[in-house]
>>> print(open('data.csv').read())   # CSV, C-alpha atoms
chain,number,residue,atom,x,y,z
A,1,MET,CA,2.6,-76.3,-69.6
A,2,ARG,CA,6.1,-75.2,-68.7
A,3,ASN,CA,6.8,-74.2,-72.3
A,4,ALA,CA,3.4,-72.5,-72.9
A,5,ASN,CA,3.3,-70.0,-75.7
A,6,PHE,CA,2.6,-66.7,-73.8
A,7,LYS,CA,2.0,-64.9,-77.1
A,8,GLN,CA,-1.6,-66.0,-76.8
A,9,PHE,CA,-2.1,-63.2,-74.4
A,10,LEU,CA,-0.9,-60.3,-76.6
A,11,ASP,CA,-4.4,-59.5,-77.8
A,12,LYS,CA,-6.0,-60.2,-74.4
A,13,ASN,CA,-6.9,-58.0,-71.5
A,14,LEU,CA,-6.3,-58.7,-67.8
A,15,LEU,CA,-8.4,-57.4,-64.9
A,16,VAL,CA,-6.6,-57.2,-61.6
A,17,LEU,CA,-8.4,-56.8,-58.3
A,18,SER,CA,-6.4,-55.9,-55.2
A,19,PRO,CA,-7.3,-54.4,-51.9
A,20,ALA,CA,-4.2,-52.1,-52.2
A,21,PHE,CA,-2.1,-51.0,-55.1
A,22,SER,CA,0.8,-48.5,-55.2
A,23,ASN,CA,-0.1,-45.0,-56.4
A,24,LYS,CA,1.6,-43.2,-59.3
A,25,ASP,CA,4.7,-41.9,-57.5
A,26,ASN,CA,4.8,-44.8,-55.0
A,27,SER,CA,4.3,-42.4,-52.1
A,28,TYR,CA,1.6,-44.9,-51.1
A,29,ILE,CA,3.2,-48.3,-51.5
A,30,GLY,CA,0.2,-50.4,-50.6
A,31,ASP,CA,0.8,-54.0,-51.7
A,32,GLY,CA,3.7,-53.0,-53.8
A,33,PHE,CA,4.4,-56.5,-54.9
A,34,VAL,CA,1.3,-56.5,-57.0
A,35,LYS,CA,2.6,-53.5,-59.0
A,36,ASN,CA,6.0,-55.2,-59.3
A,37,GLN,CA,4.4,-58.3,-60.5
A,38,LEU,CA,2.6,-56.4,-63.2
A,39,ALA,CA,5.8,-54.8,-64.3
A,40,GLU,CA,6.7,-58.2,-65.7
A,41,LEU,CA,3.3,-59.4,-66.8
A,42,LYS,CA,2.2,-56.3,-68.7
A,43,GLN,CA,4.5,-57.0,-71.6
A,44,TYR,CA,2.4,-60.1,-72.4
A,45,PHE,CA,-1.0,-58.4,-72.5
A,46,ASN,CA,-2.8,-55.9,-74.7
A,47,GLU,CA,-4.1,-54.0,-71.7
A,48,ILE,CA,-4.3,-54.4,-67.9
A,49,SER,CA,-7.0,-52.8,-65.7
A,50,VAL,CA,-6.4,-52.6,-62.0
A,51,ILE,CA,-9.2,-51.9,-59.5
A,52,SER,CA,-8.3,-51.2,-55.9
A,53,PRO,CA,-11.2,-49.9,-53.9
A,54,VAL,CA,-10.4,-47.2,-51.4
A,55,PRO,CA,-12.4,-46.9,-48.1
A,56,PHE,CA,-13.8,-43.4,-47.4
A,57,SER,CA,-11.8,-41.9,-44.6
A,58,PHE,CA,-12.2,-38.1,-45.2
A,59,ASN,CA,-8.6,-38.1,-46.3
A,60,GLN,CA,-7.4,-39.5,-43.0
A,61,LEU,CA,-6.0,-42.7,-44.4
A,62,ALA,CA,-3.0,-42.6,-46.7
A,63,LYS,CA,-4.8,-44.6,-49.4
A,64,ASP,CA,-7.7,-42.2,-49.4
A,65,LYS,CA,-5.4,-39.2,-49.4
A,66,TYR,CA,-2.9,-40.1,-52.0
A,67,CYS,CA,-4.5,-42.5,-54.4
A,68,ILE,CA,-5.9,-41.0,-57.6
A,69,ASN,CA,-6.7,-42.9,-60.9
A,70,TYR,CA,-3.7,-43.0,-63.2
A,71,GLU,CA,-2.3,-44.8,-66.3
A,72,TYR,CA,1.2,-46.1,-67.2
A,73,ASP,CA,2.2,-48.0,-70.3
A,74,ASN,CA,-0.7,-50.4,-71.0
A,75,VAL,CA,-2.0,-50.4,-67.4
A,76,LYS,CA,-4.9,-48.4,-66.1
A,77,VAL,CA,-5.4,-48.1,-62.3
A,78,TYR,CA,-8.7,-47.3,-60.7
A,79,TYR,CA,-9.3,-46.4,-57.0
A,80,PRO,CA,-13.1,-46.3,-56.6
A,81,ARG,CA,-14.2,-45.0,-53.2
A,82,SER,CA,-16.3,-47.4,-51.1
A,83,PHE,CA,-17.5,-48.0,-47.6
A,84,TYR,CA,-15.3,-50.6,-45.8
A,85,ILE,CA,-16.0,-52.7,-42.8
A,86,PRO,CA,-13.6,-55.6,-42.0
A,87,ILE,CA,-14.8,-59.1,-42.7
A,88,LEU,CA,-14.8,-60.0,-39.0
A,89,TYR,CA,-17.6,-57.5,-38.3
A,90,PHE,CA,-20.5,-56.6,-40.6
A,91,LYS,CA,-19.7,-58.9,-43.4
A,92,SER,CA,-22.7,-58.4,-45.6
A,93,ILE,CA,-22.3,-54.6,-45.7
A,94,LEU,CA,-18.7,-55.0,-46.9
A,95,ILE,CA,-19.7,-57.4,-49.6
A,96,ASP,CA,-22.6,-55.4,-50.9
A,97,ASN,CA,-20.8,-52.0,-51.2
A,98,ARG,CA,-17.5,-53.1,-52.7
A,99,LEU,CA,-19.0,-55.5,-55.2
A,100,ARG,CA,-21.6,-52.9,-56.3
A,101,VAL,CA,-18.9,-50.2,-56.6
A,102,ILE,CA,-16.7,-52.4,-58.8
A,103,LYS,CA,-19.6,-53.7,-61.0
A,104,ASN,CA,-20.6,-50.1,-61.6
A,105,LEU,CA,-17.0,-49.1,-62.5
A,106,VAL,CA,-16.7,-52.0,-65.0
A,107,LYS,CA,-19.9,-50.8,-66.7
A,108,GLN,CA,-19.1,-47.1,-66.6
A,109,GLU,CA,-15.6,-47.5,-68.0
A,110,ARG,CA,-16.6,-50.3,-70.4
A,111,LEU,CA,-13.7,-52.4,-69.2
A,112,CYS,CA,-13.1,-55.4,-71.4
A,113,PHE,CA,-11.2,-58.4,-69.9
A,114,ASP,CA,-10.4,-62.0,-70.8
A,115,LEU,CA,-9.0,-63.1,-67.4
A,116,ILE,CA,-9.4,-61.9,-63.8
A,117,HIS,CA,-6.6,-62.1,-61.3
A,118,ALA,CA,-7.7,-61.4,-57.7
A,119,HIS,CA,-5.1,-60.7,-55.0
A,120,PHE,CA,-6.0,-61.8,-51.4
A,121,THR,CA,-9.1,-63.8,-50.5
A,122,TRP,CA,-11.3,-61.0,-49.2
A,123,PRO,CA,-13.0,-59.3,-50.7
A,124,SER,CA,-11.1,-59.6,-54.0
A,125,ALA,CA,-11.7,-63.3,-54.5
A,126,TYR,CA,-15.5,-63.0,-53.8
A,127,ILE,CA,-15.8,-60.0,-56.2
A,128,ALA,CA,-13.8,-61.8,-58.9
A,129,VAL,CA,-16.0,-64.9,-58.8
A,130,ALA,CA,-19.1,-62.6,-58.9
A,131,LEU,CA,-17.7,-61.0,-62.0
A,132,LYS,CA,-16.9,-64.5,-63.4
A,133,GLU,CA,-20.6,-65.4,-63.1
A,134,ILE,CA,-21.6,-62.3,-65.0
A,135,TYR,CA,-19.0,-62.2,-67.7
A,136,ASN,CA,-18.0,-65.9,-67.9
A,137,LYS,CA,-14.2,-65.2,-67.6
A,138,PRO,CA,-11.8,-67.4,-65.8
A,139,VAL,CA,-10.5,-66.3,-62.3
A,140,VAL,CA,-7.1,-66.8,-60.7
A,141,VAL,CA,-6.8,-66.0,-57.0
A,142,THR,CA,-3.4,-65.4,-55.2
A,143,ILE,CA,-3.7,-65.9,-51.5
A,144,HIS,CA,-1.1,-63.6,-49.9
A,145,GLU,CA,-2.5,-63.5,-46.4
A,146,ASN,CA,-0.2,-64.1,-43.5
A,147,GLU,CA,-0.8,-67.5,-41.9
A,148,ALA,CA,-2.7,-66.2,-38.8
A,149,ARG,CA,-5.2,-64.3,-41.0
A,150,PHE,CA,-5.5,-67.1,-43.5
A,151,TYR,CA,-6.3,-69.7,-40.9
A,152,LYS,CA,-8.8,-67.4,-39.2
A,153,GLU,CA,-10.6,-66.8,-42.5
A,154,ILE,CA,-10.7,-70.5,-43.4
A,155,ASN,CA,-12.0,-71.5,-40.0
A,156,MET,CA,-14.8,-69.0,-40.1
A,157,ASP,CA,-16.6,-71.3,-42.4
A,158,TYR,CA,-18.1,-68.2,-44.1
A,159,GLN,CA,-20.1,-69.4,-47.1
A,160,PRO,CA,-19.4,-66.4,-49.5
A,161,LEU,CA,-15.6,-66.9,-48.9
A,162,THR,CA,-15.6,-70.7,-49.2
A,163,HIS,CA,-17.8,-70.3,-52.4
A,164,SER,CA,-15.1,-68.0,-53.8
A,165,LEU,CA,-12.3,-70.5,-53.2
A,166,LYS,CA,-14.3,-73.4,-54.7
A,167,LYS,CA,-15.5,-71.4,-57.8
A,168,ALA,CA,-12.1,-69.9,-58.7
A,169,ASP,CA,-10.4,-71.6,-61.7
A,170,ALA,CA,-7.1,-71.7,-59.9
A,171,LEU,CA,-5.7,-70.8,-56.5
A,172,ILE,CA,-2.1,-69.6,-56.0
A,173,ARG,CA,-0.7,-69.8,-52.5
A,174,VAL,CA,2.6,-68.0,-51.7
A,175,ASN,CA,3.8,-71.0,-49.7
A,176,LYS,CA,3.7,-74.7,-50.0
A,177,LYS,CA,2.6,-75.7,-46.6
A,178,ASP,CA,-1.0,-74.6,-47.1
A,179,LEU,CA,-1.7,-76.5,-50.3
A,180,PRO,CA,-3.3,-79.5,-48.7
A,181,LEU,CA,-5.8,-77.3,-46.9
A,182,LEU,CA,-6.6,-75.4,-50.0
A,183,LYS,CA,-7.2,-78.6,-51.9
A,184,GLU,CA,-10.1,-79.3,-49.7
A,185,PHE,CA,-11.8,-76.4,-51.6
A,186,ASN,CA,-10.3,-76.6,-55.0
A,187,GLU,CA,-8.1,-79.1,-56.8
A,188,ASN,CA,-6.5,-76.6,-59.1
A,189,VAL,CA,-4.0,-75.2,-56.5
A,190,PHE,CA,-0.4,-73.9,-57.2
A,191,SER,CA,2.4,-72.7,-54.9
A,192,ILE,CA,4.1,-69.6,-56.3
A,193,PRO,CA,6.0,-67.3,-54.0
A,194,ASN,CA,6.3,-63.6,-54.5
A,195,GLY,CA,9.3,-62.2,-56.4
A,196,TYR,CA,11.6,-59.3,-56.4
A,197,PRO,CA,12.4,-56.6,-59.0
A,198,SER,CA,15.7,-56.5,-60.9
A,199,LYS,CA,16.7,-53.3,-59.1
A,200,PHE,CA,17.5,-55.5,-56.0
A,201,LYS,CA,21.0,-56.6,-56.9
A,202,SER,CA,24.4,-56.5,-55.3
A,203,LEU,CA,25.9,-53.0,-54.9
A,204,ASP,CA,29.1,-51.8,-53.3
A,205,GLN,CA,28.5,-51.6,-49.6
A,206,ALA,CA,30.8,-48.6,-49.0
A,207,PHE,CA,29.1,-46.6,-51.7
A,208,CYS,CA,25.7,-47.4,-50.2
A,209,ARG,CA,26.7,-46.5,-46.7
A,210,GLY,CA,28.2,-43.2,-48.0
A,211,LYS,CA,25.0,-42.3,-49.8
A,212,LEU,CA,23.0,-42.9,-46.6
A,213,GLY,CA,25.6,-41.3,-44.3
A,214,LEU,CA,26.2,-44.5,-42.4
A,215,PRO,CA,29.5,-45.4,-40.6
A,216,ALA,CA,31.9,-47.8,-42.4
A,217,ASP,CA,33.2,-49.4,-39.2
A,218,LYS,CA,30.0,-50.7,-37.7
A,219,LYS,CA,27.9,-53.9,-38.2
A,220,ILE,CA,24.6,-52.8,-39.5
A,221,ILE,CA,21.3,-54.6,-39.3
A,222,PHE,CA,18.3,-53.5,-41.4
A,223,SER,CA,14.7,-54.4,-40.9
A,224,LEU,CA,11.6,-53.3,-42.7
A,225,GLY,CA,7.8,-53.5,-42.4
A,226,LEU,CA,4.7,-51.8,-41.0
A,227,LEU,CA,5.2,-50.9,-37.4
A,228,ILE,CA,2.6,-53.3,-36.1
A,229,GLU,CA,2.8,-56.0,-33.5
A,230,ARG,CA,2.7,-58.8,-36.1
A,231,LYS,CA,6.1,-57.8,-37.4
A,232,GLY,CA,7.7,-58.5,-34.1
A,233,PHE,CA,10.1,-55.5,-33.9
A,234,LYS,CA,9.9,-55.5,-30.1
A,235,TYR,CA,11.7,-58.9,-30.1
A,236,LEU,CA,14.4,-57.5,-32.3
A,237,ILE,CA,15.0,-54.6,-29.9
A,238,GLU,CA,15.1,-57.0,-27.0
A,239,ALA,CA,17.6,-59.1,-28.9
A,240,LEU,CA,19.9,-56.1,-29.4
A,241,LYS,CA,19.7,-55.4,-25.7
A,242,LEU,CA,20.8,-59.0,-25.0
A,243,LEU,CA,23.7,-58.7,-27.4
A,244,GLY,CA,24.9,-55.5,-25.7
A,245,SER,CA,27.3,-54.6,-28.4
A,246,SER,CA,28.0,-50.9,-29.2
A,247,ASP,CA,29.5,-52.1,-32.6
A,248,ILE,CA,26.0,-53.0,-33.9
A,249,LEU,CA,23.6,-50.5,-35.4
A,250,CYS,CA,20.0,-51.4,-36.2
A,251,PHE,CA,17.8,-49.4,-38.6
A,252,ILE,CA,14.0,-50.2,-38.7
A,253,GLY,CA,12.1,-48.8,-41.6
A,254,GLY,CA,8.4,-48.6,-42.2
A,255,ARG,CA,5.2,-46.6,-41.6
A,256,GLY,CA,3.2,-46.7,-38.4
A,257,SER,CA,3.2,-45.4,-34.9
A,258,GLN,CA,6.6,-45.3,-33.4
A,259,LYS,CA,5.5,-44.5,-29.8
A,260,LYS,CA,5.7,-48.0,-28.3
A,261,LEU,CA,8.9,-49.0,-30.0
A,262,GLN,CA,10.6,-45.7,-29.3
A,263,SER,CA,9.7,-46.1,-25.6
A,264,GLN,CA,11.2,-49.6,-25.6
A,265,ILE,CA,14.4,-48.3,-27.2
A,266,SER,CA,14.6,-45.6,-24.6
A,267,ASN,CA,13.9,-47.9,-21.7
A,268,HIS,CA,16.7,-50.2,-22.9
A,269,HIS,CA,19.1,-47.2,-23.4
A,270,LEU,CA,19.5,-48.1,-27.1
A,271,GLU,CA,19.0,-44.6,-28.6
A,272,GLU,CA,22.6,-44.7,-30.0
A,273,GLN,CA,22.1,-48.2,-31.6
A,274,VAL,CA,18.5,-48.6,-32.7
A,275,PHE,CA,16.8,-46.1,-35.1
A,276,LEU,CA,13.3,-45.9,-36.4
A,277,ILE,CA,13.7,-44.3,-39.8
A,278,GLY,CA,10.1,-44.3,-41.0
A,279,PHE,CA,8.9,-44.6,-44.6
A,280,ILE,CA,11.7,-45.4,-47.0
A,281,PRO,CA,11.2,-44.2,-50.6
A,282,ASP,CA,11.1,-47.0,-53.2
A,283,GLU,CA,14.3,-45.9,-54.9
A,284,LEU,CA,16.3,-46.1,-51.7
A,285,LEU,CA,15.3,-49.6,-50.7
A,286,PRO,CA,18.1,-51.3,-52.7
A,287,ILE,CA,20.6,-48.8,-51.2
A,288,TRP,CA,19.5,-49.7,-47.7
A,289,MET,CA,19.6,-53.5,-48.4
A,290,ASN,CA,23.1,-53.2,-49.7
A,291,ALA,CA,24.3,-51.0,-46.9
A,292,CYS,CA,23.6,-53.5,-44.2
A,293,ASP,CA,25.4,-56.7,-43.2
A,294,LEU,CA,22.3,-58.5,-42.3
A,295,PHE,CA,18.5,-58.3,-42.9
A,296,VAL,CA,16.4,-59.4,-40.0
A,297,LEU,CA,12.6,-60.0,-40.0
A,298,PRO,CA,11.3,-61.1,-36.6
A,299,SER,CA,7.6,-61.6,-37.7
A,300,LEU,CA,5.0,-63.5,-35.7
A,301,SER,CA,3.1,-64.5,-38.9
A,302,GLU,CA,3.7,-64.2,-42.6
A,303,GLY,CA,2.6,-65.7,-45.9
A,304,ASN,CA,6.0,-65.3,-47.7
A,305,PRO,CA,7.6,-61.9,-47.0
A,306,THR,CA,8.6,-60.0,-50.1
A,307,VAL,CA,11.4,-58.2,-48.2
A,308,MET,CA,13.1,-61.6,-47.7
A,309,PHE,CA,13.4,-62.1,-51.5
A,310,GLU,CA,14.7,-58.5,-51.9
A,311,ALA,CA,17.4,-59.0,-49.4
A,312,LEU,CA,18.5,-62.3,-50.9
A,313,GLY,CA,18.5,-60.6,-54.4
A,314,CYS,CA,21.1,-58.2,-53.1
A,315,GLY,CA,23.2,-61.0,-51.7
A,316,VAL,CA,22.4,-60.1,-48.1
A,317,PRO,CA,21.9,-62.9,-45.6
A,318,PHE,CA,18.5,-63.2,-43.9
A,319,VAL,CA,17.7,-63.9,-40.3
A,320,GLY,CA,14.0,-64.3,-39.6
A,321,SER,CA,11.2,-66.1,-37.7
A,322,ASP,CA,10.3,-69.6,-39.0
A,323,VAL,CA,6.7,-68.6,-39.9
A,324,GLY,CA,4.7,-69.0,-43.1
A,325,GLY,CA,6.8,-70.1,-46.0
A,326,VAL,CA,10.1,-68.6,-44.8
A,327,SER,CA,11.6,-72.1,-44.1
A,328,GLU,CA,10.7,-73.1,-47.7
A,329,ILE,CA,13.1,-70.3,-48.9
A,330,ILE,CA,15.8,-70.3,-46.3
A,331,ILE,CA,16.6,-74.0,-46.9
A,332,SER,CA,20.3,-73.8,-46.1
A,333,GLU,CA,22.4,-71.9,-43.6
A,334,ASP,CA,24.3,-70.6,-46.7
A,335,TYR,CA,21.4,-68.1,-47.1
A,336,GLY,CA,20.6,-67.3,-43.5
A,337,TYR,CA,19.2,-68.5,-40.2
A,338,LEU,CA,15.7,-69.3,-38.9
A,339,THR,CA,14.6,-68.4,-35.4
A,340,GLU,CA,11.7,-69.2,-33.1
A,341,PRO,CA,9.0,-66.4,-33.2
A,342,LYS,CA,8.7,-64.4,-30.1
A,343,ASN,CA,12.0,-65.7,-28.8
A,344,SER,CA,14.4,-62.7,-28.3
A,345,LYS,CA,17.2,-64.9,-26.9
A,346,ASN,CA,17.1,-67.2,-29.9
A,347,LEU,CA,17.0,-64.2,-32.2
A,348,ALA,CA,20.0,-62.7,-30.5
A,349,GLU,CA,22.0,-65.9,-30.8
A,350,LYS,CA,21.3,-66.2,-34.6
A,351,ILE,CA,22.1,-62.5,-35.2
A,352,GLU,CA,25.4,-63.0,-33.4
A,353,LEU,CA,26.2,-66.0,-35.5
A,354,ALA,CA,25.3,-64.2,-38.7
A,355,LEU,CA,27.3,-61.1,-38.0
A,356,ALA,CA,30.4,-63.3,-37.2
A,357,LYS,CA,30.0,-65.4,-40.4
A,358,GLN,CA,31.8,-64.8,-43.7
A,359,TRP,CA,28.9,-65.0,-46.2
A,360,ASP,CA,29.2,-65.9,-49.9
A,361,LYS,CA,27.2,-63.0,-51.4
A,362,GLU,CA,27.5,-64.4,-54.9
A,363,LYS,CA,26.0,-67.7,-53.8
A,364,ILE,CA,23.1,-66.0,-52.0
A,365,GLN,CA,22.4,-63.8,-55.1
A,366,SER,CA,22.7,-66.8,-57.5
A,367,TYR,CA,20.2,-68.8,-55.4
A,368,ALA,CA,17.8,-65.8,-55.3
A,369,GLU,CA,17.6,-65.4,-59.1
A,370,GLN,CA,14.9,-68.1,-59.3
A,371,PHE,CA,12.7,-65.6,-57.4
A,372,THR,CA,13.0,-62.6,-59.8
A,373,TRP,CA,9.7,-61.4,-61.1
A,374,GLU,CA,10.9,-62.4,-64.6
A,375,ASN,CA,10.9,-66.0,-63.4
A,376,ILE,CA,8.0,-65.9,-61.1
A,377,GLY,CA,6.0,-64.1,-63.8
A,378,LYS,CA,6.4,-67.1,-66.1
A,379,GLU,CA,5.1,-69.4,-63.4
A,380,ILE,CA,2.0,-67.2,-63.1
A,381,LEU,CA,1.6,-67.1,-66.9
A,382,ASN,CA,1.6,-70.9,-66.9
A,383,VAL,CA,-1.3,-70.9,-64.5
A,384,TYR,CA,-3.1,-68.4,-66.8
A,385,CYS,CA,-2.6,-70.8,-69.7
A,386,ASN,CA,-4.0,-73.7,-67.7
A,387,VAL,CA,-7.2,-71.9,-66.7
A,388,ARG,CA,-7.9,-70.5,-70.1
A,389,ALA,CA,-7.4,-74.0,-71.7
A,390,ALA,CA,-9.6,-75.6,-69.1
A,391,SER,CA,-12.3,-73.0,-69.4
A,392,ASN,CA,-12.3,-73.2,-73.2
A,393,ASN,CA,-12.2,-69.4,-73.2
A,394,PRO,CA,-11.4,-68.1,-76.7
>>> encode(input="data.csv", output="structure tokens")
Amino acid sequence: MRNANFKQFLDKNLLVLSPAFSNKDNSYIGDGFVKNQLAELKQYFNEISVISPVPFSFNQLAKDKYCINYEYDNVKVYYPRSFYIPILYFKSILIDNRLRVIKNLVKQERLCFDLIHAHFTWPSAYIAVALKEIYNKPVVVTIHENEARFYKEINMDYQPLTHSLKKADALIRVNKKDLPLLKEFNENVFSIPNGYPSKFKSLDQAFCRGKLGLPADKKIIFSLGLLIERKGFKYLIEALKLLGSSDILCFIGGRGSQKKLQSQISNHHLEEQVFLIGFIPDELLPIWMNACDLFVLPSLSEGNPTVMFEALGCGVPFVGSDVGGVSEIIISEDYGYLTEPKNSKNLAEKIELALAKQWDKEKIQSYAEQFTWENIGKEILNVYCNVRAASNNP
């Protein structure tokens, strides 16, 4: 199906289910890679409807505060409010409320769709399969979960979840290593990583540093992610303490509480070297990527991190933990270095090597082109073609 005729979708409608989706002005990024994926896929469909349930929080959570229904091009985005209780707690309450809310929305808005694409296993996959049983439409599920969460969910042996994996028409995992496990539930399994938008490309470093007010004579490390323990930023700060070089500056971007990390920075007397810069607007991300000498991601668990592809797309070398599918992408030291998770000493060693190395930016960027959303989108469309042909859906 590599040469499938994607024109078959031009009069078809796609329904997308995602637990998070960027709002109109991207002030709430959510799972921004889903919106970026649709930027490529929308040209092949008549209409796309996105449903991303929002938990009631009395405007305390960013998603509840900033997400309002909107439309762009041929995409309609809905944020129905619902009660949310995590899967590991009161499972049945979560199922009943979110499924009911989405079923009501589909009826009220008279949404028509020929194919359902669910992102993440829970509750999107469960809801997608429930809709399949009502409307007889094929379902594709992309499993983005980081490996720790993914294995925890699989090992729960929770019937509604395993039923969803078995009844989906196709499963897409963002890495290769988990395919054998998924094939225990469903034979129609594909490995397709996330991609990156075309705006992530090589730009002049001096220009980017000037735009951000960064010094030209320092080695600059950039890192990005939610400020949560799983992202491992404390190990990056420890690594910088071990390196002990005043010529290295590190900027960590992302939403979340800065208290613990800022305390660690102060305790190590790194206030002049390590900076927590908070939320970075979408339009500035390519500038930050190109301003740095090295992108570092010290995660403890991942599926396949989108920021890795964005860095490579800019021709920037990557240093990161060997977790999830990272080693499936960083297959050569021409593109970066892998480190042991939770190992600050090993991370410091690899950072030192990377900052001393003369990298071939063009080679990195050329390698990364296979992961543009244009190319990844075609792989996803091939899966759509497969499931529609197998389901005999007109």
>>> atom_distance(input="data.csv", atom1="atom CA of Leu15 of chain A", atom2="atom CA of Asn104 of chain A")
14.6 Å
>>> residues_around(input="data.csv", residues="segment 117-134 of chain A", least_positions_apart="6", cutoff="10 Å", atoms="all atoms listed in the file", output="ChimeraX atom specification")
/A:14-20,31,34,50-53,86-87,91,94-96,98-100,102-103,106,140-145,150,153-154,160-173,384
>>> atom_distance(input="data.csv", atom1="atom CA of Ile351 of chain A", atom2="atom CA of Ser366 of chain A")
22.7 Å
>>> atom_distance(input="data.csv", atom1="atom CA of Asn194 of chain A", atom2="atom CA of Val174 of chain A")
6.4 Å
>>> closest_residue(input="data.csv", among="A:Asn97, A:Asn267, A:Gln273, A:Asn188", to="Lys218 of chain A", atoms="all atoms listed in the file")
A:Gln273
>>> closest_residue(input="data.csv", among="A:Val75, A:Leu294, A:Leu111, A:Leu300", to="Gly324 of chain A", atoms="all atoms listed in the file")
A:Leu300
>>> residues_near_point(input="data.csv", point="(6.1, -45.0, -48.8)", cutoff="12 Å", atoms="all atoms listed in the file", output="mmCIF file with C-alpha atoms, keeping the file's coordinate frame")
data_model
loop_
_atom_site.group_PDB
_atom_site.id
_atom_site.type_symbol
_atom_site.label_atom_id
_atom_site.label_comp_id
_atom_site.auth_asym_id
_atom_site.auth_seq_id
_atom_site.Cartn_x
_atom_site.Cartn_y
_atom_site.Cartn_z
ATOM 1 C CA PHE A 21 -2.100 -51.000 -55.100
ATOM 2 C CA SER A 22 0.800 -48.500 -55.200
ATOM 3 C CA ASN A 23 -0.100 -45.000 -56.400
ATOM 4 C CA LYS A 24 1.600 -43.200 -59.300
ATOM 5 C CA ASP A 25 4.700 -41.900 -57.500
ATOM 6 C CA ASN A 26 4.800 -44.800 -55.000
ATOM 7 C CA SER A 27 4.300 -42.400 -52.100
ATOM 8 C CA TYR A 28 1.600 -44.900 -51.100
ATOM 9 C CA ILE A 29 3.200 -48.300 -51.500
ATOM 10 C CA GLY A 30 0.200 -50.400 -50.600
ATOM 11 C CA ASP A 31 0.800 -54.000 -51.700
ATOM 12 C CA GLY A 32 3.700 -53.000 -53.800
ATOM 13 C CA ALA A 62 -3.000 -42.600 -46.700
ATOM 14 C CA LYS A 63 -4.800 -44.600 -49.400
ATOM 15 C CA TYR A 66 -2.900 -40.100 -52.000
ATOM 16 C CA LEU A 224 11.600 -53.300 -42.700
ATOM 17 C CA GLY A 225 7.800 -53.500 -42.400
ATOM 18 C CA LEU A 226 4.700 -51.800 -41.000
ATOM 19 C CA GLY A 253 12.100 -48.800 -41.600
ATOM 20 C CA GLY A 254 8.400 -48.600 -42.200
ATOM 21 C CA ARG A 255 5.200 -46.600 -41.600
ATOM 22 C CA GLY A 256 3.200 -46.700 -38.400
ATOM 23 C CA ILE A 277 13.700 -44.300 -39.800
ATOM 24 C CA GLY A 278 10.100 -44.300 -41.000
ATOM 25 C CA PHE A 279 8.900 -44.600 -44.600
ATOM 26 C CA ILE A 280 11.700 -45.400 -47.000
ATOM 27 C CA PRO A 281 11.200 -44.200 -50.600
ATOM 28 C CA ASP A 282 11.100 -47.000 -53.200
ATOM 29 C CA GLU A 283 14.300 -45.900 -54.900
ATOM 30 C CA LEU A 284 16.300 -46.100 -51.700
ATOM 31 C CA LEU A 285 15.300 -49.600 -50.700
#
>>> axis_aligned_box(input="data.csv", around="segment 140-144 of chain A", padding_each_side="3 Å", output="JSON")
{"center_x": -4.1, "center_y": -65.2, "center_z": -55.3, "size_x": 12.0, "size_y": 9.2, "size_z": 16.8}
>>> residues_near_point(input="data.csv", point="(7.3, -57.6, -33.7)", cutoff="10 Å", atoms="all atoms listed in the file", output="JSON, numbers by chain")
{"A": [225, 226, 227, 228, 229, 230, 231, 232, 233, 234, 235, 236, 237, 261, 297, 298, 299, 300, 301, 341, 342]}
>>> closest_residue(input="data.csv", among="A:Ile265, A:Val387, A:Val316, A:Val307", to="Lys363 of chain A", atoms="all atoms listed in the file")
A:Val316
>>> closest_residue(input="data.csv", among="A:Ala389, A:Tyr196, A:Leu181, A:Asp217", to="Thr306 of chain A", atoms="all atoms listed in the file")
A:Tyr196
>>> closest_residue(input="data.csv", among="A:Asp178, A:Ile220, A:Ser82, A:Glu47", to="Asp64 of chain A", atoms="all atoms listed in the file")
A:Ser82
>>> residues_around(input="data.csv", residues="Ser332 of chain A", least_positions_apart="2", cutoff="12 Å", atoms="only C-alpha atoms", output="CSV table (one decimal) with C-alpha atoms, keeping the file's coordinate frame")
chain,number,residue,atom,x,y,z
A,317,PRO,CA,21.9,-62.9,-45.6
A,318,PHE,CA,18.5,-63.2,-43.9
A,319,VAL,CA,17.7,-63.9,-40.3
A,326,VAL,CA,10.1,-68.6,-44.8
A,327,SER,CA,11.6,-72.1,-44.1
A,328,GLU,CA,10.7,-73.1,-47.7
A,329,ILE,CA,13.1,-70.3,-48.9
A,330,ILE,CA,15.8,-70.3,-46.3
A,334,ASP,CA,24.3,-70.6,-46.7
A,335,TYR,CA,21.4,-68.1,-47.1
A,336,GLY,CA,20.6,-67.3,-43.5
A,337,TYR,CA,19.2,-68.5,-40.2
A,338,LEU,CA,15.7,-69.3,-38.9
A,363,LYS,CA,26.0,-67.7,-53.8
A,364,ILE,CA,23.1,-66.0,-52.0
A,367,TYR,CA,20.2,-68.8,-55.4
>>> closest_residue(input="data.csv", among="A:Cys314, A:Met308, A:Val139, A:Ala348", to="Ile248 of chain A", atoms="all atoms listed in the file")
A:Ala348
